[in-house]
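Visitor: Contents of entry_32.cif (mmCIF, C-alpha atoms) are below:
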data_work
loop_
_atom_site.label_atom_id
_atom_site.label_comp_id
_atom_site.auth_asym_id
_atom_site.auth_seq_id
_atom_site.Cartn_x
_atom_site.Cartn_y
_atom_site.Cartn_z
CA MET A 1 34.80 171.05 199.80
CA ILE A 2 38.10 170.12 198.21
CA THR A 3 38.35 166.94 200.31
CA VAL A 4 34.91 165.83 199.16
CA VAL A 5 35.90 166.32 195.50
CA LEU A 6 39.18 164.45 196.00
CA PHE A 7 37.41 161.58 197.75
CA THR A 8 34.80 161.16 194.98
CA THR A 9 37.38 161.34 192.20
CA THR A 10 39.61 158.70 193.82
CA THR A 11 36.67 156.35 194.26
CA LEU A 12 35.68 156.85 190.61
CA PHE A 13 39.17 156.03 189.35
CA ALA A 14 39.79 153.08 191.73
CA GLN A 15 38.33 150.12 189.89
CA LYS A 16 37.84 146.64 191.19
CA THR A 17 39.28 143.57 189.52
CA VAL A 18 36.54 140.94 189.41
CA VAL A 19 37.31 137.45 188.14
CA SER A 20 34.56 134.85 187.93
CA GLY A 21 34.40 131.49 186.25
CA VAL A 22 34.01 127.74 186.38
CA VAL A 23 36.59 125.01 187.06
CA SER A 24 36.19 121.59 185.44
CA ASP A 25 38.13 118.40 184.73
CA LYS A 26 39.98 118.44 181.39
CA GLU A 27 39.16 114.82 180.47
CA THR A 28 35.64 114.25 181.87
CA LYS A 29 34.42 117.89 181.71
CA GLU A 30 32.86 117.42 185.18
CA LYS A 31 32.69 120.51 187.38
CA LEU A 32 35.15 120.38 190.30
CA PRO A 33 33.82 121.47 193.73
CA PHE A 34 35.88 123.16 196.46
CA VAL A 35 38.81 124.25 194.25
CA ASN A 36 41.17 126.87 195.72
CA VAL A 37 41.21 130.04 193.57
CA TYR A 38 43.33 133.02 194.60
CA PHE A 39 45.22 136.01 193.24
CA THR A 40 48.87 134.97 192.85
CA ASN A 41 51.17 136.30 195.61
CA SER A 42 48.28 137.56 197.74
CA THR A 43 46.02 136.44 200.55
CA VAL A 44 42.82 137.14 198.59
CA GLY A 45 41.16 133.90 197.58
CA VAL A 46 37.98 131.85 197.50
CA MET A 47 36.86 128.27 197.13
CA SER A 48 34.59 127.16 194.29
CA ASP A 49 31.08 125.98 195.11
CA LEU A 50 29.57 122.52 194.50
CA TYR A 51 29.22 123.30 190.79
CA GLY A 52 32.80 124.59 190.31
CA SER A 53 31.76 128.26 190.11
CA PHE A 54 33.71 131.05 191.80
CA THR A 55 33.87 134.87 191.99
CA LEU A 56 37.01 136.64 193.16
CA GLU A 57 37.49 140.40 193.54
CA THR A 58 40.09 142.89 194.77
CA ASP A 59 40.96 146.60 194.69
CA ASP A 60 44.70 145.89 194.31
CA GLN A 61 45.77 146.84 190.74
CA THR A 62 49.16 145.13 191.03
CA LEU A 63 47.69 141.61 190.93
CA THR A 64 47.96 140.28 187.37
CA SER A 65 47.30 136.55 187.66
CA VAL A 66 45.04 134.01 189.31
CA THR A 67 46.20 130.61 190.64
CA ILE A 68 43.90 127.57 190.67
CA GLU A 69 44.83 124.61 192.90
CA TYR A 70 43.09 121.27 193.50
CA ILE A 71 44.41 118.05 195.04
CA GLY A 72 45.23 115.46 192.38
CA TYR A 73 45.36 118.06 189.57
CA ASN A 74 48.07 120.27 188.06
CA ASN A 75 48.05 123.89 189.27
CA GLU A 76 47.08 126.59 186.74
CA ASP A 77 48.24 130.23 186.66
CA ILE A 78 46.04 132.43 184.45
CA ALA A 79 46.93 135.99 183.47
CA ILE A 80 44.24 138.64 184.05
CA THR A 81 43.85 142.32 183.30
CA PRO A 82 43.69 144.45 186.49
CA GLY A 83 40.67 146.73 186.94
CA GLU A 84 38.26 144.76 184.71
CA ASN A 85 35.44 142.25 185.12
CA GLN A 86 36.52 138.95 183.57
CA THR A 87 35.01 135.53 183.13
CA ILE A 88 37.32 132.56 182.71
CA THR A 89 36.81 128.86 182.17
CA VAL A 90 39.50 126.63 183.62
CA GLU A 91 40.08 122.98 182.77
CA LEU A 92 42.49 121.25 185.14
CA GLY A 93 44.49 118.22 184.00
CA SER A 94 45.03 115.29 186.31
CA SER A 95 48.46 114.98 187.93
CA ALA A 96 47.96 111.34 188.88
CA VAL A 97 49.80 108.58 187.06
CA GLN A 98 47.61 105.82 185.65
CA ILE A 99 48.83 102.25 186.17
CA GLU A 100 47.66 99.07 184.48
CA ALA A 101 47.34 96.63 187.39
CA VAL A 102 48.74 95.85 190.79
CA GLU A 103 49.49 92.30 191.86
CA ILE A 104 50.17 91.60 195.50
CA VAL A 105 51.83 88.31 196.33
CA GLY A 106 52.44 87.21 199.87
CA LYS A 107 53.53 84.12 201.69
CA ARG A 108 51.35 82.56 204.32
CA LYS A 109 52.80 83.21 207.73
CA VAL A 110 52.94 80.22 210.05
CA LYS A 111 51.56 81.04 213.47
CA LYS A 112 53.88 80.49 216.39
CA ASP A 113 52.77 77.85 218.87
CA THR A 114 52.50 79.46 222.29
CA ALA A 115 52.03 77.72 225.62
CA ALA A 116 48.41 78.83 225.77
CA LEU A 117 47.67 77.39 222.32
CA ARG A 118 49.33 74.07 223.21
CA LEU A 119 47.27 73.83 226.41
CA TYR A 120 44.05 74.63 224.55
CA ARG A 121 44.76 72.01 221.87
CA ASN A 122 45.45 69.36 224.56
CA ILE A 123 42.19 70.20 226.33
CA ILE A 124 40.22 69.80 223.10
CA LYS A 125 42.06 66.55 222.21
CA ASN A 126 41.34 64.98 225.63
CA LYS A 127 37.78 66.22 225.92
CA PRO A 128 36.19 62.73 225.68
CA LEU A 129 38.48 61.38 228.44
CA ASN A 130 37.64 64.18 230.82
CA ARG A 131 33.86 63.89 230.44
CA PRO A 132 32.30 60.92 232.26
CA THR A 133 29.55 59.15 230.34
CA ASN A 134 27.29 58.04 233.23
CA LEU A 135 25.62 60.37 235.69
CA ASP A 136 26.26 58.09 238.73
CA SER A 137 29.84 59.17 238.95
CA TYR A 138 28.86 62.42 240.61
CA SER A 139 27.39 62.41 244.11
CA TYR A 140 27.34 64.52 247.23
CA GLU A 141 25.98 64.48 250.74
CA GLU A 142 24.14 67.37 252.27
CA TYR A 143 24.44 68.28 255.90
CA THR A 144 22.76 71.21 257.57
CA LYS A 145 23.35 72.31 261.10
CA THR A 146 21.28 74.88 262.95
CA GLU A 147 22.45 76.16 266.26
CA PHE A 148 20.56 78.13 268.86
CA ASP A 149 22.12 79.15 272.18
CA LEU A 150 20.39 80.30 275.34
CA TYR A 151 22.07 81.06 278.63
CA ASN A 152 20.65 81.47 282.13
CA ILE A 153 17.29 79.92 281.40
CA SER A 154 14.94 79.59 284.34
CA GLU A 155 13.35 76.24 285.27
CA LYS A 156 9.91 77.61 284.65
CA PHE A 157 10.83 78.48 281.07
CA LYS A 158 12.47 75.04 280.52
CA ASN A 159 9.30 73.23 281.58
CA ARG A 160 7.00 74.89 279.09
CA LYS A 161 4.97 72.68 276.83
CA ILE A 162 6.30 74.16 273.61
CA LEU A 163 9.87 73.22 274.53
CA LYS A 164 9.12 69.55 275.36
CA PRO A 165 10.27 68.21 271.92
CA PHE A 166 13.61 69.89 272.58
CA ASP A 167 14.11 68.36 275.96
CA PHE A 168 17.23 66.56 274.81
CA VAL A 169 18.98 69.90 274.45
#
Would you mind writing the file's structure down as structure tokens?
Guide:
Amino acid sequence: MITVVLFTTTTLFAQKTVVSGVVSDKETKEKLPFVNVYFTNSTVGVMSDLYGSFTLETDDQTLTSVTIEYIGYNNEDIAITPGENQTITVELGSSAVQIEAVEIVGKRKVKKDTAALRLYRNIIKNKPLNRPTNLDSYSYEEYTKTEFDLYNISEKFKNRKILKPFDFV
């Protein structure tokens, strides 16, 4: 019975620290999505949603500040009261440096002449000389040979009527 009373009294006195809020840009007032929000010096943290909203909670009463981090913005440490529900609004300032203009000046690089490029340029330059203008300059002769060998042919087979045109063979 005593353990039940002790258990219920410790749960009544142990309060949660709940911190919720919204993170936005200081200049444009736009909500910042996916901002890292965590209790300082702890592993308890969350990431804000698409609209910059977050809710962070812990039972640890020793945590007294919240750190907000986002790439391209200055980090913020905000003091909180342990054991209470709190709503905070955070405006992060940009850490980027604004510059007026950037001018890039470069010199044109002369391409090196390689052996392959020289050969290609000579081929293009001499193209008219290497292409004959009339079609008579090309000719060829076709020759086809068909060979058929038979060995040990009988006289009766040689004298057949179908083989008469091939008598010269």
Visitor: State, in Å with one decimal place, the distance from CA of Thr28 in chain A to CA of Thr89 in chain A.
Guide: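 If I compute the distance from CA of Thr28 in chain A to CA of Thr89 in chain A, I get 14.7 Å.
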Visitor: Taking the file as shown, find all residues satisfying the PyMOL selection byres ((chain A and resi 63) around 10) and write them as a list in words.
Guide: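 Applied to this file, the PyMOL selection byres ((chain A and resi 63) around 10) selects Thr17, Phe39, Thr40, Asn41, Ser42, Thr58, Asp59, Asp60, Gln61, Thr62, Thr64, Ser65, Val66, Ala79, Ile80, Thr81, Pro82 and Gly83 of chain A.
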Visitor: Which residues come within 9 Å of Lys26 in chain A, counting only C-alpha atoms, excluding same-chain residues fewer than 2 positions away, as a list of chain:residue names?
Guide: A:Ser24, A:Thr28, A:Lys29, A:Glu30, A:Val90, A:Glu91, A:Leu92, A:Gly93, A:Ser94
Visitor: What gap, in Å, lies between CA of Val102 in chain A and CA of Glu69 in chain A?
Guide: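 Separation between CA of Val102 in chain A and CA of Glu69 in chain A: 29.1 Å.
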Visitor: Evaluated on this file, the PyMOL selection byres ((chain A and resi 67) around 6) picks out some residues - which ones are they, written as a VMD selection string?
Guide: chain A and resid 37 to 38 40 66 68 76 to 77
Visitor: I'd like the interatomic distance between CA of Gly21 in chain A and CA of Thr55 in chain A, to a tenth of an Å.
Guide: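 CA of Thr55 in chain A lies 6.7 Å from CA of Gly21 in chain A.
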Visitor: With all atoms listed in the file as the counted atoms, please give the residues lying no more than 8 Å from Gln86 in chain A, apart from itself and same-chain residues fewer than 3 positions off, as a PDB file with C-alpha atoms, keeping the file's coordinate frame.
Guide:
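In the end it all went to out-v5.pdb:
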ATOM      1  CA  VAL A  18      36.540 140.940 189.410  1.00  0.00           C
ATOM      2  CA  VAL A  19      37.310 137.450 188.140  1.00  0.00           C
ATOM      3  CA  SER A  20      34.560 134.850 187.930  1.00  0.00           C
ATOM      4  CA  ILE A  80      44.240 138.640 184.050  1.00  0.00           C
TER       5      ILE A  80
END
Visitor: List the residues matched by the PyMOL selection byres ((chain A and resi 54) around 10) in the displayed structure as a PyMOL selection string, ordered by chain and then by residue number.
Guide: chain A and resi 19-23+33-37+45-53+55-56+87-88
Visitor: I need the residues from that last selection saved to file as a PDB file, in the coordinates of the input (with C-alpha atoms), if you can.
Guide:
ATOM      1  CA  VAL A  19      37.310 137.450 188.140  1.00  0.00           C
ATOM      2  CA  SER A  20      34.560 134.850 187.930  1.00  0.00           C
ATOM      3  CA  GLY A  21      34.400 131.490 186.250  1.00  0.00           C
ATOM      4  CA  VAL A  22      34.010 127.740 186.380  1.00  0.00           C
ATOM      5  CA  VAL A  23      36.590 125.010 187.060  1.00  0.00           C
ATOM      6  CA  PRO A  33      33.820 121.470 193.730  1.00  0.00           C
ATOM      7  CA  PHE A  34      35.880 123.160 196.460  1.00  0.00           C
ATOM      8  CA  VAL A  35      38.810 124.250 194.250  1.00  0.00           C
ATOM      9  CA  ASN A  36      41.170 126.870 195.720  1.00  0.00           C
ATOM     10  CA  VAL A  37      41.210 130.040 193.570  1.00  0.00           C
ATOM     11  CA  GLY A  45      41.160 133.900 197.580  1.00  0.00           C
ATOM     12  CA  VAL A  46      37.980 131.850 197.500  1.00  0.00           C
ATOM     13  CA  MET A  47      36.860 128.270 197.130  1.00  0.00           C
ATOM     14  CA  SER A  48      34.590 127.160 194.290  1.00  0.00           C
ATOM     15  CA  ASP A  49      31.080 125.980 195.110  1.00  0.00           C
ATOM     16  CA  LEU A  50      29.570 122.520 194.500  1.00  0.00           C
ATOM     17  CA  TYR A  51      29.220 123.300 190.790  1.00  0.00           C
ATOM     18  CA  GLY A  52      32.800 124.590 190.310  1.00  0.00           C
ATOM     19  CA  SER A  53      31.760 128.260 190.110  1.00  0.00           C
ATOM     20  CA  THR A  55      33.870 134.870 191.990  1.00  0.00           C
ATOM     21  CA  LEU A  56      37.010 136.640 193.160  1.00  0.00           C
ATOM     22  CA  THR A  87      35.010 135.530 183.130  1.00  0.00           C
ATOM     23  CA  ILE A  88      37.320 132.560 182.710  1.00  0.00           C
TER      24      ILE A  88
END
Visitor: N, CA and C atoms are what I want for range 102-133 of chain A; can you complete it accordingly and write them as a PDB file, keeping the file's coordinate frame?
Guide:
ATOM      1  N   VAL A 102      47.872  96.081 189.644  1.00  0.00           N
ATOM      2  CA  VAL A 102      48.740  95.850 190.790  1.00  0.00           C
ATOM      3  C   VAL A 102      48.504  94.420 191.241  1.00  0.00           C
ATOM      4  N   GLU A 103      49.603  93.672 191.384  1.00  0.00           N
ATOM      5  CA  GLU A 103      49.490  92.300 191.860  1.00  0.00           C
ATOM      6  C   GLU A 103      50.247  92.190 193.169  1.00  0.00           C
ATOM      7  N   ILE A 104      49.566  91.740 194.188  1.00  0.00           N
ATOM      8  CA  ILE A 104      50.170  91.600 195.500  1.00  0.00           C
ATOM      9  C   ILE A 104      50.315  90.124 195.809  1.00  0.00           C
ATOM     10  N   VAL A 105      51.544  89.717 196.052  1.00  0.00           N
ATOM     11  CA  VAL A 105      51.830  88.310 196.330  1.00  0.00           C
ATOM     12  C   VAL A 105      52.434  88.247 197.721  1.00  0.00           C
ATOM     13  N   GLY A 106      51.922  87.351 198.518  1.00  0.00           N
ATOM     14  CA  GLY A 106      52.440  87.210 199.870  1.00  0.00           C
ATOM     15  C   GLY A 106      52.541  85.751 200.238  1.00  0.00           C
ATOM     16  N   LYS A 107      53.402  85.476 201.194  1.00  0.00           N
ATOM     17  CA  LYS A 107      53.530  84.120 201.690  1.00  0.00           C
ATOM     18  C   LYS A 107      52.707  83.982 202.946  1.00  0.00           C
ATOM     19  N   ARG A 108      52.144  82.798 203.128  1.00  0.00           N
ATOM     20  CA  ARG A 108      51.350  82.560 204.320  1.00  0.00           C
ATOM     21  C   ARG A 108      52.284  82.449 205.523  1.00  0.00           C
ATOM     22  N   LYS A 109      51.976  83.197 206.526  1.00  0.00           N
ATOM     23  CA  LYS A 109      52.800  83.210 207.730  1.00  0.00           C
ATOM     24  C   LYS A 109      52.333  82.104 208.668  1.00  0.00           C
ATOM     25  N   VAL A 110      53.266  81.299 209.119  1.00  0.00           N
ATOM     26  CA  VAL A 110      52.940  80.220 210.050  1.00  0.00           C
ATOM     27  C   VAL A 110      52.857  80.813 211.447  1.00  0.00           C
ATOM     28  N   LYS A 111      51.752  80.514 212.122  1.00  0.00           N
ATOM     29  CA  LYS A 111      51.560  81.040 213.470  1.00  0.00           C
ATOM     30  C   LYS A 111      52.477  80.319 214.449  1.00  0.00           C
ATOM     31  N   LYS A 112      53.033  81.075 215.361  1.00  0.00           N
ATOM     32  CA  LYS A 112      53.880  80.490 216.390  1.00  0.00           C
ATOM     33  C   LYS A 112      52.998  79.763 217.396  1.00  0.00           C
ATOM     34  N   ASP A 113      53.513  78.637 217.887  1.00  0.00           N
ATOM     35  CA  ASP A 113      52.770  77.850 218.870  1.00  0.00           C
ATOM     36  C   ASP A 113      53.160  78.344 220.259  1.00  0.00           C
ATOM     37  N   THR A 114      52.235  78.968 220.941  1.00  0.00           N
ATOM     38  CA  THR A 114      52.500  79.460 222.290  1.00  0.00           C
ATOM     39  C   THR A 114      52.040  78.429 223.311  1.00  0.00           C
ATOM     40  N   ALA A 115      52.416  78.647 224.555  1.00  0.00           N
ATOM     41  CA  ALA A 115      52.030  77.720 225.620  1.00  0.00           C
ATOM     42  C   ALA A 115      50.516  77.676 225.789  1.00  0.00           C
ATOM     43  N   ALA A 116      49.865  78.792 225.637  1.00  0.00           N
ATOM     44  CA  ALA A 116      48.410  78.830 225.770  1.00  0.00           C
ATOM     45  C   ALA A 116      47.734  78.038 224.657  1.00  0.00           C
ATOM     46  N   LEU A 117      48.253  78.151 223.426  1.00  0.00           N
ATOM     47  CA  LEU A 117      47.670  77.390 222.320  1.00  0.00           C
ATOM     48  C   LEU A 117      47.891  75.888 222.491  1.00  0.00           C
ATOM     49  N   ARG A 118      49.068  75.500 222.957  1.00  0.00           N
ATOM     50  CA  ARG A 118      49.330  74.070 223.210  1.00  0.00           C
ATOM     51  C   ARG A 118      48.383  73.530 224.261  1.00  0.00           C
ATOM     52  N   LEU A 119      48.172  74.256 225.348  1.00  0.00           N
ATOM     53  CA  LEU A 119      47.270  73.830 226.410  1.00  0.00           C
ATOM     54  C   LEU A 119      45.848  73.698 225.883  1.00  0.00           C
ATOM     55  N   TYR A 120      45.403  74.665 225.111  1.00  0.00           N
ATOM     56  CA  TYR A 120      44.050  74.630 224.550  1.00  0.00           C
ATOM     57  C   TYR A 120      43.866  73.426 223.622  1.00  0.00           C
ATOM     58  N   ARG A 121      44.862  73.170 222.777  1.00  0.00           N
ATOM     59  CA  ARG A 121      44.760  72.010 221.870  1.00  0.00           C
ATOM     60  C   ARG A 121      44.712  70.697 222.643  1.00  0.00           C
ATOM     61  N   ASN A 122      45.485  70.571 223.735  1.00  0.00           N
ATOM     62  CA  ASN A 122      45.450  69.360 224.560  1.00  0.00           C
ATOM     63  C   ASN A 122      44.108  69.186 225.249  1.00  0.00           C
ATOM     64  N   ILE A 123      43.513  70.271 225.691  1.00  0.00           N
ATOM     65  CA  ILE A 123      42.190  70.200 226.330  1.00  0.00           C
ATOM     66  C   ILE A 123      41.163  69.689 225.327  1.00  0.00           C
ATOM     67  N   ILE A 124      41.184  70.226 224.131  1.00  0.00           N
ATOM     68  CA  ILE A 124      40.220  69.800 223.100  1.00  0.00           C
ATOM     69  C   ILE A 124      40.460  68.340 222.713  1.00  0.00           C
ATOM     70  N   LYS A 125      41.740  67.929 222.599  1.00  0.00           N
ATOM     71  CA  LYS A 125      42.060  66.550 222.210  1.00  0.00           C
ATOM     72  C   LYS A 125      41.587  65.544 223.264  1.00  0.00           C
ATOM     73  N   ASN A 126      41.700  65.893 224.538  1.00  0.00           N
ATOM     74  CA  ASN A 126      41.340  64.980 225.630  1.00  0.00           C
ATOM     75  C   ASN A 126      39.943  65.217 226.174  1.00  0.00           C
ATOM     76  N   LYS A 127      39.137  65.920 225.463  1.00  0.00           N
ATOM     77  CA  LYS A 127      37.780  66.220 225.920  1.00  0.00           C
ATOM     78  C   LYS A 127      36.963  64.957 226.210  1.00  0.00           C
ATOM     79  N   PRO A 128      36.979  63.940 225.369  1.00  0.00           N
ATOM     80  CA  PRO A 128      36.190  62.730 225.680  1.00  0.00           C
ATOM     81  C   PRO A 128      36.675  62.019 226.947  1.00  0.00           C
ATOM     82  N   LEU A 129      37.954  62.045 227.245  1.00  0.00           N
ATOM     83  CA  LEU A 129      38.480  61.380 228.440  1.00  0.00           C
ATOM     84  C   LEU A 129      38.093  62.105 229.720  1.00  0.00           C
ATOM     85  N   ASN A 130      37.933  63.387 229.635  1.00  0.00           N
ATOM     86  CA  ASN A 130      37.640  64.180 230.820  1.00  0.00           C
ATOM     87  C   ASN A 130      36.140  64.354 231.081  1.00  0.00           C
ATOM     88  N   ARG A 131      35.304  63.785 230.252  1.00  0.00           N
ATOM     89  CA  ARG A 131      33.860  63.890 230.440  1.00  0.00           C
ATOM     90  C   ARG A 131      33.289  62.504 230.706  1.00  0.00           C
ATOM     91  N   PRO A 132      32.874  62.233 231.940  1.00  0.00           N
ATOM     92  CA  PRO A 132      32.300  60.920 232.260  1.00  0.00           C
ATOM     93  C   PRO A 132      30.981  60.704 231.500  1.00  0.00           C
ATOM     94  N   THR A 133      30.744  59.450 231.131  1.00  0.00           N
ATOM     95  CA  THR A 133      29.550  59.150 230.340  1.00  0.00           C
ATOM     96  C   THR A 133      28.324  58.880 231.200  1.00  0.00           C
TER      97      THR A 133
END
